[in-house]
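To keep things clear, I will list the structure first and then write my remarks on it.
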Amino acid sequence: MSKGLVTGNAYTLGSIEQGEPCCEAVSHFSIRDLAVSYQQETVLSNVSLEVYKGCITALIGPSGCGKSSFLSALNRLSDMVPGAKVSGDIIFEGENIFDTSVDVRTLRTKIGMIFQKPNPFPLSIRKNLELPLKEHGVRNKSEIESKIFDVLHSVGLWNEVKDRLHCSALSLSGGQQQRLCIARALILEPSVLLMDEPCSALDPISSGIVEEMIQRLAGRYTIIIVTHNLAQARRIANYAAFFWMTERVGKLIEFGQCRPLFESPQHSLTAAYVSGEKG
Amino acid sequence: MIDRCFTFIIWLTAGIVFLAFGWLISEVVVQGVGKLSWSFLTDEPARSGREGGIYPIIVSTLLILGTALVIVIPLGLGSAIWLAEFTKKSSKRVQSTRLILDVLAGVPSIVFGLFGYAFFCGFLDLGFSILSGGLTLACMMLPILIRTTEAGLTAVPNDWRRAGAALGVSRTTLLWQVLLPYASPAITAGLLLSIGRATAETAALIFTSGYVDRMPESLNDSGRALAVHIYDLSMNVVGGDKAAYGSALVLIIMVVIINLSANALSEFWLEKKINRLQ
Amino acid sequence: MNKSVSQTKDIDWWFGMALSLLMGVAALLLLLIIVFLTNEAWPVLQGGSWAQFFNADGWYPLENKLGLLPMLWATLAVSFGALILALPLGLGSAIFIEYYAPKFIGKPFSSVVTLLAGIPSVVFGLWGLTKLVPLINNIHPPGASLLAAVLVLALMILPTITLTSRSALSSLPSHLLQNSAALALSKKSMIIGVLIPSALRGIIGGVLLALVRAVGETMAVLMVAGNVVQTPTGLFDPVRVLTANIALEMAYATDNHRAALFASGLLLMILVFCVAWIASRLSSGETNGYD
């Protein structure tokens with residue numbers, strides 16, 4: 001998938017490697033006029049953008065500018081936050097996810113999510129993967145086994161844990177826990193992965209491993225990743241969206257292909273941010 | 001010099017506390033241990049309890065506790081789960097429920113006894129019975145159990161609720177598979193603490209489960225709880241002191257075992273939480 | 001336009017429904033207690049006749065004189081007396097456990113205190129009645145007195161004060177200790193000048209909790225206080241507190257007498273409510289961090 005592999009440390013600036021170019025831009029998500037508010041206080045307004053199938057879209061910008069709010073609107077996890085209101089339209093696979101006919105739990109099986117802090121359940125490694133499968137009606141033992149094998153392979157965890165699937169997931173290292181969480185999201189065969197700073201709570205080495213894995217997953221999955229690490233965004237993303245806060249409300253300033261956005265930004269704020277002058 | 005004095009005062013305080021409690025405990029043990037024997041635990045009381053054993057009283061105590069638990073466990077756990085997992089914290093209804101709980105958690109047990117006497121014994125016509133006593137105890141335990149269970153559940157990290165939601169797992173499944181097992185030591189500790197309080201209870205039972213020291217034949221019979229037995233022996237039976245101390249020793253041993261297991265469970269749970277942080 | 005509500009009636013809906021039913025039953029039961037007590041007390045509350053509780057000279061239920069004041073004073077005297085005694089001892093023990101005791105003493109000492117918090121009140125009463133009362137009787141008859149009640153009750157609420165003060169002290173940030181050590185303060189000045197004031201809210205909370213327990217205690221006080229209805233004038237007077245009055249007379253009370261007992265139950269609830277309210281005001285002040 002990716003040609004020049006980024007090795008090891010995520011804190012050094014690697015070559016500007018975008019993976020496969022997304023030649024045919026097929027829209028997966030269309031977001032129109034999205035606004036998010038908590039307790040009547042608007043934190044994000046007027047966001048419209050397209051997320052393309054099989055590509056990695058990076059959301060960049062300083063903290064507090066609404067990137068995470070944007071992300072959690074995409075799988076309606078914002079429903080869980082008391083006092084949160086989302087308006088606008090999000091068309092996902094031809095359907096508005098805010099329609100009353102949409103079943104949220106089915107929607108969330110199609111859109112996986114990875115959080116900043118690894119959050120495996122306090123169960124065994126196997127149970128962590130079984131729980132979502134059983135919840136969504138997969139009961140056949142051999143089918144479960146083969147799916148567990150597949151996803152652990154995809155995240156490169158199989159060889160590390162194959163002998164201790166019955167051990168507590170909390171006994172794994174931070175990086176392993178995060179990869180298990182990714183495996184847990186993959187096991188439901190989603191088409192999209194939402195990632196909220198998946199590497200920021202990890203040490204540099206684990207962070208590198210996870211980053212490399214994300215690159216391998218691109219193409220098979222549409223990936224939307226929030227990151228504070230500009231170098232990382234540059235390395236792995238095909239598209240980038242730059243958010244900024246004006247008058248205490250988060251706004252989308254610029255959106256486009258990753259390389260042009262970094263090398264010849266259209267907006268002065270973007271230029272200042274990617275060059276490190278602001279933020 | 002002043003510092004020395006202060007140190008001395010602190011050690012003195014601790015010494016006084018230790019001696020006072022040492023006196024109390026050793027008195028109970030010394031006076032009670034002579035009475036304690038297998039036959040004391042398995043015989044019927046004789047001569048108003050001065051002689052014989054406390055078998056029917058232990059049975060009544062357990063029956064009263066059992067009745068209370070049958071009522072309070074589903075009501076208490078259900079309510080606590082609802083408060084912790086299925087409500088918005090800010091809603092008016094939830095806040096007023098909490099207020100009622102807080103007030104009732106502090107209400108003196110004799111007031112619960114008053115209510116039980118008027119409502120269960122009188123209004124519902126259950127009379128002085130194990131059933132009335134158990135129901136009254138259940139009312140008393142309910143606020144404590146709800147608060148401890150709710151605290152146990154709210155202490156479970158929110159990460160797992162979000163992870164579950166993001167996987168499309170229902171709250172119900174998540175609750176049974178992840179949240180309740182994780183919080184179970186805290187919940188059990190809370191349950192044990194309220195059982196400990198109920199076992200020690202006297203005031204709420206005098207006018208609800210009554211004084212009869214015979215073996216109860218059904219839940220509609222009156223039954224004398226161990227704490228009530230001690231009260232009766234020491235206040236109303238001349239020469240009942242020895243038997244009272246014997247019963248007190250049995251009661252203390254029961255309560256200490258219950259509370260020790262509650263403490264051990266809480267500590268286990270705390271360790272579990274700390275391990276997760278690392 | 002609110003789009004955050006899902007209308008599908010799935011398993012969560014049904015389970016939540018079942019739970020809210022349980023909560024409803026529990027809340028009703030608890031509400032019932034308040035309503036029922038008020039209802040039973042109504043004959044002596046209606047039309048301003050509750051004023052007799054504070055006007056009537058003494059408690060002679062058979063003559064329809066229902067003055068609660070002597071017993072209210074006795075309740076307050078016993079509770080605050082116990083608190084005055086238990087506070088220095090309880091706080092001292094907490095300081096002992098946290099800062100003075102060597103490890104091999106501190107740990108067993110604190111677990112003993114924890115266990116003492118669970119000792120049944122009737123056992124305290126038994127001990128007070130058979131050991132303490134005869135002892136006081138030697139000094140000044142009759143023995144069963146305000147003093148006996150204060151001593152027994154002080155012992156009962158002491159573990160509460162120790163445990164809450166201790167947890168308030170141990171949750172103080174460690175930099176406080178280091179800072180004051182860096183200022184070369186003596187251990188005494190450090191504890192009195194820095195640590196106790198910083199943990200004051202927690203300690204007061206514990207004291208209020210102990211006060212609630214003291215006001216509500218029935219059996220232990222009933223067994224040692226002598227139970228004569230009179231306004232206490234000295235430590236050796238036998239007194240009767242509100243809770244004990246209920247326990248002693250409930251069995252045979254009828255009509256207005258009975259209603260008055262329920263009213264005194266309500267009065268106890270109001271006392272407890274006031275203390276709980278103060279405690280909650282204190283703990284809510286804790287969160288915003290001002291003053």
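Going through the structure tokens in order, the chains are called A, B, and so on, while each chain numbers its residues from 1 and the ligands are numbered from 1 in the order shown.
Excluding segment 185-199 of chain A and any residue on its chain fewer than 3 positions from it, the residues at most 6 Å away by only C-alpha atoms are Thr109, Lys110, Ile111, Gly112, Met113, Ile114, Phe115, Gln116, Ile182, Leu202, Ser207, Tyr221, Thr222, Ile223, Ile224, Ile225, Val226 and Thr227 of chain A.
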Helix (DSSP H, G or I) positions in segment 51-114 of chain B, given as a PDB file with C-alpha atoms, in the first residue's frame:
```
ATOM      1  CA  TYR B  55     -31.531 -20.400  68.284  1.00  0.00           C
ATOM      2  CA  PRO B  56     -35.017 -19.038  67.430  1.00  0.00           C
ATOM      3  CA  ILE B  57     -33.666 -15.518  67.713  1.00  0.00           C
ATOM      4  CA  ILE B  58     -30.900 -16.163  65.210  1.00  0.00           C
ATOM      5  CA  VAL B  59     -33.451 -17.734  62.877  1.00  0.00           C
ATOM      6  CA  SER B  60     -35.766 -14.717  63.234  1.00  0.00           C
ATOM      7  CA  THR B  61     -32.892 -12.304  62.637  1.00  0.00           C
ATOM      8  CA  LEU B  62     -31.949 -14.124  59.438  1.00  0.00           C
ATOM      9  CA  LEU B  63     -35.571 -14.296  58.277  1.00  0.00           C
ATOM     10  CA  ILE B  64     -36.052 -10.556  58.861  1.00  0.00           C
ATOM     11  CA  LEU B  65     -32.824  -9.802  56.999  1.00  0.00           C
ATOM     12  CA  GLY B  66     -33.789 -12.179  54.185  1.00  0.00           C
ATOM     13  CA  THR B  67     -37.181 -10.541  53.775  1.00  0.00           C
ATOM     14  CA  ALA B  68     -35.593  -7.116  53.713  1.00  0.00           C
ATOM     15  CA  LEU B  69     -33.022  -8.209  51.119  1.00  0.00           C
ATOM     16  CA  VAL B  70     -35.621  -9.775  48.821  1.00  0.00           C
ATOM     17  CA  ILE B  71     -37.343  -6.401  48.666  1.00  0.00           C
ATOM     18  CA  VAL B  72     -34.373  -4.066  48.780  1.00  0.00           C
ATOM     19  CA  ILE B  73     -32.022  -5.731  46.278  1.00  0.00           C
ATOM     20  CA  PRO B  74     -34.201  -5.455  43.166  1.00  0.00           C
ATOM     21  CA  LEU B  75     -35.598  -2.065  44.159  1.00  0.00           C
ATOM     22  CA  GLY B  76     -32.256  -0.646  45.250  1.00  0.00           C
ATOM     23  CA  LEU B  77     -30.106  -1.989  42.423  1.00  0.00           C
ATOM     24  CA  GLY B  78     -32.731  -1.226  39.792  1.00  0.00           C
ATOM     25  CA  SER B  79     -33.166   2.337  40.997  1.00  0.00           C
ATOM     26  CA  ALA B  80     -29.430   2.910  41.258  1.00  0.00           C
ATOM     27  CA  ILE B  81     -28.795   1.579  37.747  1.00  0.00           C
ATOM     28  CA  TRP B  82     -31.566   3.766  36.432  1.00  0.00           C
ATOM     29  CA  LEU B  83     -30.169   6.836  38.161  1.00  0.00           C
ATOM     30  CA  ALA B  84     -26.596   6.172  37.065  1.00  0.00           C
ATOM     31  CA  GLU B  85     -27.084   4.868  33.525  1.00  0.00           C
ATOM     32  CA  LYS B  92     -35.612  17.870  37.556  1.00  0.00           C
ATOM     33  CA  ARG B  93     -37.102  14.471  38.290  1.00  0.00           C
ATOM     34  CA  VAL B  94     -33.700  12.957  38.992  1.00  0.00           C
ATOM     35  CA  GLN B  95     -32.647  15.820  41.235  1.00  0.00           C
ATOM     36  CA  SER B  96     -35.788  15.647  43.331  1.00  0.00           C
ATOM     37  CA  THR B  97     -35.356  11.870  43.628  1.00  0.00           C
ATOM     38  CA  ARG B  98     -31.833  12.455  44.896  1.00  0.00           C
ATOM     39  CA  LEU B  99     -33.078  14.985  47.436  1.00  0.00           C
ATOM     40  CA  ILE B 100     -35.603  12.492  48.849  1.00  0.00           C
ATOM     41  CA  LEU B 101     -32.842   9.875  49.054  1.00  0.00           C
ATOM     42  CA  ASP B 102     -30.454  12.216  50.849  1.00  0.00           C
ATOM     43  CA  VAL B 103     -33.013  13.199  53.429  1.00  0.00           C
ATOM     44  CA  LEU B 104     -34.121   9.628  54.060  1.00  0.00           C
ATOM     45  CA  ALA B 105     -30.554   8.368  54.400  1.00  0.00           C
ATOM     46  CA  GLY B 106     -30.249  10.546  57.507  1.00  0.00           C
ATOM     47  CA  SER B 109     -34.153   4.522  62.543  1.00  0.00           C
ATOM     48  CA  ILE B 110     -36.830   5.017  65.196  1.00  0.00           C
ATOM     49  CA  VAL B 111     -38.737   7.141  62.670  1.00  0.00           C
ATOM     50  CA  PHE B 112     -38.623   4.244  60.224  1.00  0.00           C
ATOM     51  CA  GLY B 113     -39.907   2.106  63.082  1.00  0.00           C
ATOM     52  CA  LEU B 114     -42.727   4.560  63.609  1.00  0.00           C
TER      53      LEU B 114
END
```
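Put simply, atom CA of Ala20 of chain B is 25.2 Å away from atom CA of Gly239 of chain B.
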> C:Leu72, C:Leu169, C:Leu151, C:Leu45: which is nearest Leu200 of chain C, counting only C-alpha atoms?
Replying inline: C:Leu169
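Of the residues listed (B:Phe6, B:Tyr182, B:Phe120, B:Phe86), B:Tyr182 shows the shortest atom-to-atom separation from chain A; distances use only C-alpha atoms.
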